[in-house]
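Trainee: Submitted below is the structure of interest, expressed as structure tokens.
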Amino acid sequence: MDPGPFNVGLLLFIPYRELEERVFAAVQDAGYSDITLPQARLFQRISANGSRITDLANRVYVTKQTASVLVSSLESNGYVRRMPDPLDARASLVIADARGLAAAAVAAAEIQRIEAEWRKALGTARYERLVRDLDELAKHTNRPQ
């Protein structure tokens, strides 16, 4: 049976998955082989000023307990550290540590390469329109950005 054309969800997922796999491979190849894909997905959602575990859990669609386990593993391997939340003495913030920032730089460089390939494949005008359209769609979701 012919499944017919891909729906928009698959059309969004396929390029995302390609990007994710290539970025993860680049990070692993650069010597950060002790990070897992679930840890990397959580790590990329840490805000520059730090994030609470509850916020990270919401951003990566996992339970608070799962996010806490992922953060603990990242912390053990030197990618993140916890610090007191200046706005709430009962809470802590997760922030990227030096090793995490170095791995993030590898990921960012690979993303730039991929985006350059996609820009070339679509042409600048179409690529920039795609980015604007996807940004607009992201604003219409119920998930934290």
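Here's how to read the names in the structure tokens: chain A, B, ... by the order shown, residue numbers from 1 in each chain, ligand numbers from 1 in the order shown.
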Show me, as a list in words, the residues that have an atom within 12 Å of A:Glu128 when counting only C-alpha atoms, minus same-chain residues fewer than 6 positions from it.
Mentor: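 Neighbouring residues, sequence-local ones excluded: Glu115, Ala116, Trp118, Arg119, Lys120, Leu122, Leu134 and Asp135 of chain A.
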Trainee: Taking the backbone alone, and naming residues the way the document does, which bits of stretch 62-131 of chain A are strand (DSSP E or B) by DSSP, as a list in words?
Mentor: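 So, restricting stretch 62-131 of chain A to strand (DSSP E or B), we get Val80, Arg81, Arg82, Met83, Pro84, Asp85, Asp88, Ala89, Arg90, Ala91, Ser92, Leu93, Val94, Ile95 and Ala96 of chain A.
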Trainee: If we count only C-alpha atoms, what is near A:Leu101 at a cut-off of 10 Å, once residues fewer than 6 positions away on the same chain are taken out, given as a list in words?
Mentor: Phe43, Tyr79, Val80, Ile95 and Ala107 of chain A
Trainee: Based on DSSP run over this structure's backbone, return all residues of stretch 34-135 of chain A in helix (DSSP H, G or I), as number ranges by chain.
Mentor: A: 37-43, 53-59, 64-76, 98-122, 124-135
Trainee: Skip A:Gly50 itself and residues of its chain fewer than 5 positions away, then list as a list in words all residues within 9 Å of it, counting only C-alpha atoms.
Mentor: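 Returned residues: Arg82, Met83, Asp85, Ser92, Leu93, Val94, Ile95 and Ala96 of chain A.
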Trainee: Need to verify the contact set: stretch 62-78 of chain A, 7 Å, only C-alpha atoms, exclusion of same-chain residues closer than 6 positions in sequence. Can you return it as a list of chain:residue names?
Mentor: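 The filter keeps A:Gln39, A:Ile53, A:Thr54, A:Leu56, A:Asp97, A:Arg99.
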Trainee: Just how far from atom CA of A:Val60 is atom CA of A:Leu42, in Å to one decimal?
Mentor: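 Going from atom CA of A:Leu42 over to atom CA of A:Val60, I get 6.1 Å.
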Trainee: For A:Ala108, find every residue with an atom within 12 Å (counting only C-alpha atoms), except residues of its own chain fewer than 6 positions away, and show them as number ranges by chain.
Mentor: A: 19-20, 22-24, 26-27, 44, 101-102, 114-115
Trainee: In Å, with one decimal, what is the gap from atom CA of A:Tyr61 to atom CA of A:Asp29?
Mentor: 27.0 Å
Trainee: Distance atom CA of A:Ile111-atom CA of A:Gln28, one decimal place?
Mentor: 14.4 Å
